[in-house]
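Participant: Structure provided below as structure tokens; questions to follow.
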Amino acid sequence: MILFVTSRALDYLPIVLMFIVALGFVGLVMGVTHWMGPKRNSKIKLESFECGIDVQGNARTPFSIKYFLVAILFVLFDVEVIFMYPWAVNFHKLGLLGIVEMFSFIAIFLIGFYYIVKKGALKWE
């Protein structure tokens with residue numbers, strides 16, 4: 001029994017080594033760039049820079065909640081669409097049950113979309 005547990009723990013050794021090497025590489029690269037990089041700070045270098053456009057106003061200006069709502073809804077519906085890919089890959093293997101399950105998934109998806117539209121979440125004022 002102990003050999004079985006030990007052999008299963010050894011199965012994870014390559015993954016642990018991969019993480020150690022990856023973390024070591026990241027630490028090494030960050031350390032070397034910090035050590036070798038230039039350290040010339042000036043007033044112009046320390047100013048905020050946004051895509052070549054001069055800074056205008058305060059960065060703490062509040063955004064409309066609609067912006068964040070649309071962003072969250074996009075991520076939500078985008079993740080739901082990702083669930084359709086495995087279904088499309090295994091379409092023939094799933095048969096009629098797979099079609100019924102996907103249509104029910106799409107129906108729930110469309111009910112949620114209809115609810116969002118009726119609540120006015122996508123309307124911009």
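Following the order of the structure tokens, chains are lettered A, B, ..., residues in each are numbered from 1, and ligands are numbered from 1.
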Using only C-alpha atoms, which residues sit within 12 Å of A:Phe74 once same-chain residues fewer than 6 positions away are excluded, as a count of residues only?
Facilitator: 8
Participant: Need the shell around A:Glu101: protein/DNA/RNA residues with any atom at most 12 Å away, counting only C-alpha atoms. Skip same-chain ones fewer than 5 positions apart. Format as a PDB file with N, CA and C atoms, in the first residue's frame?
Facilitator:
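Wrote it out as selection-v4.pdb, contents follow:
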```pdb
ATOM      1  N   PHE A  83     -18.592  26.660 -23.996  1.00  0.00           N
ATOM      2  CA  PHE A  83     -19.125  25.330 -23.688  1.00  0.00           C
ATOM      3  C   PHE A  83     -19.718  24.647 -24.923  1.00  0.00           C
ATOM      4  N   MET A  84     -19.978  25.395 -25.967  1.00  0.00           N
ATOM      5  CA  MET A  84     -20.522  24.796 -27.190  1.00  0.00           C
ATOM      6  C   MET A  84     -19.441  24.102 -28.021  1.00  0.00           C
ATOM      7  N   TRP A  87     -19.169  20.288 -27.477  1.00  0.00           N
ATOM      8  CA  TRP A  87     -20.362  19.672 -28.056  1.00  0.00           C
ATOM      9  C   TRP A  87     -20.206  19.547 -29.565  1.00  0.00           C
ATOM     10  N   PHE A  91     -20.163  15.971 -31.699  1.00  0.00           N
ATOM     11  CA  PHE A  91     -21.546  16.023 -32.178  1.00  0.00           C
ATOM     12  C   PHE A  91     -22.076  14.641 -32.566  1.00  0.00           C
ATOM     13  N   LEU A  94     -22.527  12.065 -29.537  1.00  0.00           N
ATOM     14  CA  LEU A  94     -23.551  12.358 -28.539  1.00  0.00           C
ATOM     15  C   LEU A  94     -24.949  11.945 -28.986  1.00  0.00           C
ATOM     16  N   GLY A  95     -25.178  11.950 -30.274  1.00  0.00           N
ATOM     17  CA  GLY A  95     -26.457  11.507 -30.802  1.00  0.00           C
ATOM     18  C   GLY A  95     -27.611  12.446 -30.470  1.00  0.00           C
ATOM     19  N   LEU A  96     -28.812  11.885 -30.422  1.00  0.00           N
ATOM     20  CA  LEU A  96     -30.023  12.665 -30.193  1.00  0.00           C
ATOM     21  C   LEU A  96     -30.042  13.300 -28.800  1.00  0.00           C
ATOM     22  N   ILE A 106     -29.016  26.122 -25.086  1.00  0.00           N
ATOM     23  CA  ILE A 106     -29.214  27.346 -25.876  1.00  0.00           C
ATOM     24  C   ILE A 106     -30.505  28.049 -25.451  1.00  0.00           C
ATOM     25  N   ALA A 107     -31.553  27.281 -25.109  1.00  0.00           N
ATOM     26  CA  ALA A 107     -32.802  27.891 -24.655  1.00  0.00           C
ATOM     27  C   ALA A 107     -32.580  28.658 -23.349  1.00  0.00           C
ATOM     28  N   ILE A 108     -31.852  28.060 -22.410  1.00  0.00           N
ATOM     29  CA  ILE A 108     -31.548  28.763 -21.155  1.00  0.00           C
ATOM     30  C   ILE A 108     -30.691  29.988 -21.426  1.00  0.00           C
TER      31      ILE A 108
END
```
Participant: Work out how far atom CA of A:Ile72 is from atom CA of A:Lys119, in Å to one decimal.
Facilitator: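 Between these atoms lies a distance of 15.2 Å.
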Participant: Based on DSSP run over this structure's backbone, return all residues of stretch 6-124 of chain A in alpha helix (DSSP H), as number ranges by chain.
Facilitator: A: 6-10, 13-36, 65-82, 84-89, 91-119
Participant: What does the file look like for those residues with C-alpha atoms, as a PDB file, in the first residue's frame?
Facilitator:
```
ATOM      1  CA  THR A   6       4.659   6.652  -3.198  1.00  0.00           C
ATOM      2  CA  SER A   7       4.395   5.816  -6.881  1.00  0.00           C
ATOM      3  CA  ARG A   8       1.373   8.125  -7.228  1.00  0.00           C
ATOM      4  CA  ALA A   9       3.300  10.953  -5.549  1.00  0.00           C
ATOM      5  CA  LEU A  10       6.190  10.370  -7.946  1.00  0.00           C
ATOM      6  CA  LEU A  13       7.312  15.061  -9.776  1.00  0.00           C
ATOM      7  CA  PRO A  14       7.599  16.347 -13.385  1.00  0.00           C
ATOM      8  CA  ILE A  15       4.851  18.905 -12.731  1.00  0.00           C
ATOM      9  CA  VAL A  16       6.531  20.103  -9.537  1.00  0.00           C
ATOM     10  CA  LEU A  17       9.865  20.355 -11.353  1.00  0.00           C
ATOM     11  CA  MET A  18       8.226  22.316 -14.170  1.00  0.00           C
ATOM     12  CA  PHE A  19       6.822  24.840 -11.674  1.00  0.00           C
ATOM     13  CA  ILE A  20      10.190  25.153  -9.930  1.00  0.00           C
ATOM     14  CA  VAL A  21      11.985  25.752 -13.227  1.00  0.00           C
ATOM     15  CA  ALA A  22       9.323  28.229 -14.395  1.00  0.00           C
ATOM     16  CA  LEU A  23       9.401  30.208 -11.139  1.00  0.00           C
ATOM     17  CA  GLY A  24      13.190  30.125 -11.121  1.00  0.00           C
ATOM     18  CA  PHE A  25      13.309  31.424 -14.693  1.00  0.00           C
ATOM     19  CA  VAL A  26      10.880  34.245 -13.926  1.00  0.00           C
ATOM     20  CA  GLY A  27      12.831  35.223 -10.812  1.00  0.00           C
ATOM     21  CA  LEU A  28      16.130  35.062 -12.669  1.00  0.00           C
ATOM     22  CA  VAL A  29      14.921  37.186 -15.591  1.00  0.00           C
ATOM     23  CA  MET A  30      13.331  39.784 -13.290  1.00  0.00           C
ATOM     24  CA  GLY A  31      16.463  39.948 -11.144  1.00  0.00           C
ATOM     25  CA  VAL A  32      18.838  40.274 -14.088  1.00  0.00           C
ATOM     26  CA  THR A  33      16.754  42.987 -15.795  1.00  0.00           C
ATOM     27  CA  HIS A  34      16.501  44.917 -12.518  1.00  0.00           C
ATOM     28  CA  TRP A  35      20.240  44.573 -11.916  1.00  0.00           C
ATOM     29  CA  MET A  36      21.356  45.400 -15.473  1.00  0.00           C
ATOM     30  CA  ILE A  65     -21.810  51.373 -14.225  1.00  0.00           C
ATOM     31  CA  LYS A  66     -23.104  50.468 -17.704  1.00  0.00           C
ATOM     32  CA  TYR A  67     -19.512  50.058 -18.911  1.00  0.00           C
ATOM     33  CA  PHE A  68     -18.736  47.457 -16.257  1.00  0.00           C
ATOM     34  CA  LEU A  69     -22.098  45.734 -16.706  1.00  0.00           C
ATOM     35  CA  VAL A  70     -21.548  45.297 -20.450  1.00  0.00           C
ATOM     36  CA  ALA A  71     -18.016  44.015 -19.813  1.00  0.00           C
ATOM     37  CA  ILE A  72     -19.219  41.447 -17.267  1.00  0.00           C
ATOM     38  CA  LEU A  73     -22.080  40.349 -19.531  1.00  0.00           C
ATOM     39  CA  PHE A  74     -19.651  39.923 -22.428  1.00  0.00           C
ATOM     40  CA  VAL A  75     -17.415  37.675 -20.331  1.00  0.00           C
ATOM     41  CA  LEU A  76     -20.420  35.712 -19.071  1.00  0.00           C
ATOM     42  CA  PHE A  77     -21.855  35.035 -22.523  1.00  0.00           C
ATOM     43  CA  ASP A  78     -18.410  34.435 -23.994  1.00  0.00           C
ATOM     44  CA  VAL A  79     -17.745  31.691 -21.441  1.00  0.00           C
ATOM     45  CA  GLU A  80     -21.121  30.131 -22.191  1.00  0.00           C
ATOM     46  CA  VAL A  81     -20.302  30.002 -25.892  1.00  0.00           C
ATOM     47  CA  ILE A  82     -17.034  28.215 -25.052  1.00  0.00           C
ATOM     48  CA  MET A  84     -20.522  24.796 -27.190  1.00  0.00           C
ATOM     49  CA  TYR A  85     -17.117  23.846 -28.628  1.00  0.00           C
ATOM     50  CA  PRO A  86     -16.799  20.394 -26.994  1.00  0.00           C
ATOM     51  CA  TRP A  87     -20.362  19.672 -28.056  1.00  0.00           C
ATOM     52  CA  ALA A  88     -19.527  20.542 -31.671  1.00  0.00           C
ATOM     53  CA  VAL A  89     -16.413  18.341 -31.587  1.00  0.00           C
ATOM     54  CA  PHE A  91     -21.546  16.023 -32.178  1.00  0.00           C
ATOM     55  CA  HIS A  92     -21.788  12.583 -33.836  1.00  0.00           C
ATOM     56  CA  LYS A  93     -20.908  10.628 -30.674  1.00  0.00           C
ATOM     57  CA  LEU A  94     -23.551  12.358 -28.539  1.00  0.00           C
ATOM     58  CA  GLY A  95     -26.457  11.507 -30.802  1.00  0.00           C
ATOM     59  CA  LEU A  96     -30.023  12.665 -30.193  1.00  0.00           C
ATOM     60  CA  LEU A  97     -29.488  13.151 -26.446  1.00  0.00           C
ATOM     61  CA  GLY A  98     -26.623  15.537 -27.173  1.00  0.00           C
ATOM     62  CA  ILE A  99     -28.830  17.576 -29.525  1.00  0.00           C
ATOM     63  CA  VAL A 100     -31.604  17.797 -26.941  1.00  0.00           C
ATOM     64  CA  GLU A 101     -29.147  18.846 -24.228  1.00  0.00           C
ATOM     65  CA  MET A 102     -27.576  21.517 -26.453  1.00  0.00           C
ATOM     66  CA  PHE A 103     -30.955  22.921 -27.474  1.00  0.00           C
ATOM     67  CA  SER A 104     -31.953  23.120 -23.804  1.00  0.00           C
ATOM     68  CA  PHE A 105     -28.626  24.860 -23.042  1.00  0.00           C
ATOM     69  CA  ILE A 106     -29.214  27.346 -25.876  1.00  0.00           C
ATOM     70  CA  ALA A 107     -32.802  27.891 -24.655  1.00  0.00           C
ATOM     71  CA  ILE A 108     -31.548  28.763 -21.155  1.00  0.00           C
ATOM     72  CA  PHE A 109     -28.894  30.970 -22.744  1.00  0.00           C
ATOM     73  CA  LEU A 110     -31.546  32.826 -24.796  1.00  0.00           C
ATOM     74  CA  ILE A 111     -33.847  33.195 -21.770  1.00  0.00           C
ATOM     75  CA  GLY A 112     -30.986  34.879 -19.923  1.00  0.00           C
ATOM     76  CA  PHE A 113     -30.287  37.127 -22.891  1.00  0.00           C
ATOM     77  CA  TYR A 114     -33.978  38.059 -23.165  1.00  0.00           C
ATOM     78  CA  TYR A 115     -34.019  38.901 -19.440  1.00  0.00           C
ATOM     79  CA  ILE A 116     -30.973  41.152 -19.852  1.00  0.00           C
ATOM     80  CA  VAL A 117     -32.527  42.961 -22.806  1.00  0.00           C
ATOM     81  CA  LYS A 118     -35.844  43.450 -20.984  1.00  0.00           C
ATOM     82  CA  LYS A 119     -34.050  44.828 -17.911  1.00  0.00           C
TER      83      LYS A 119
END
```
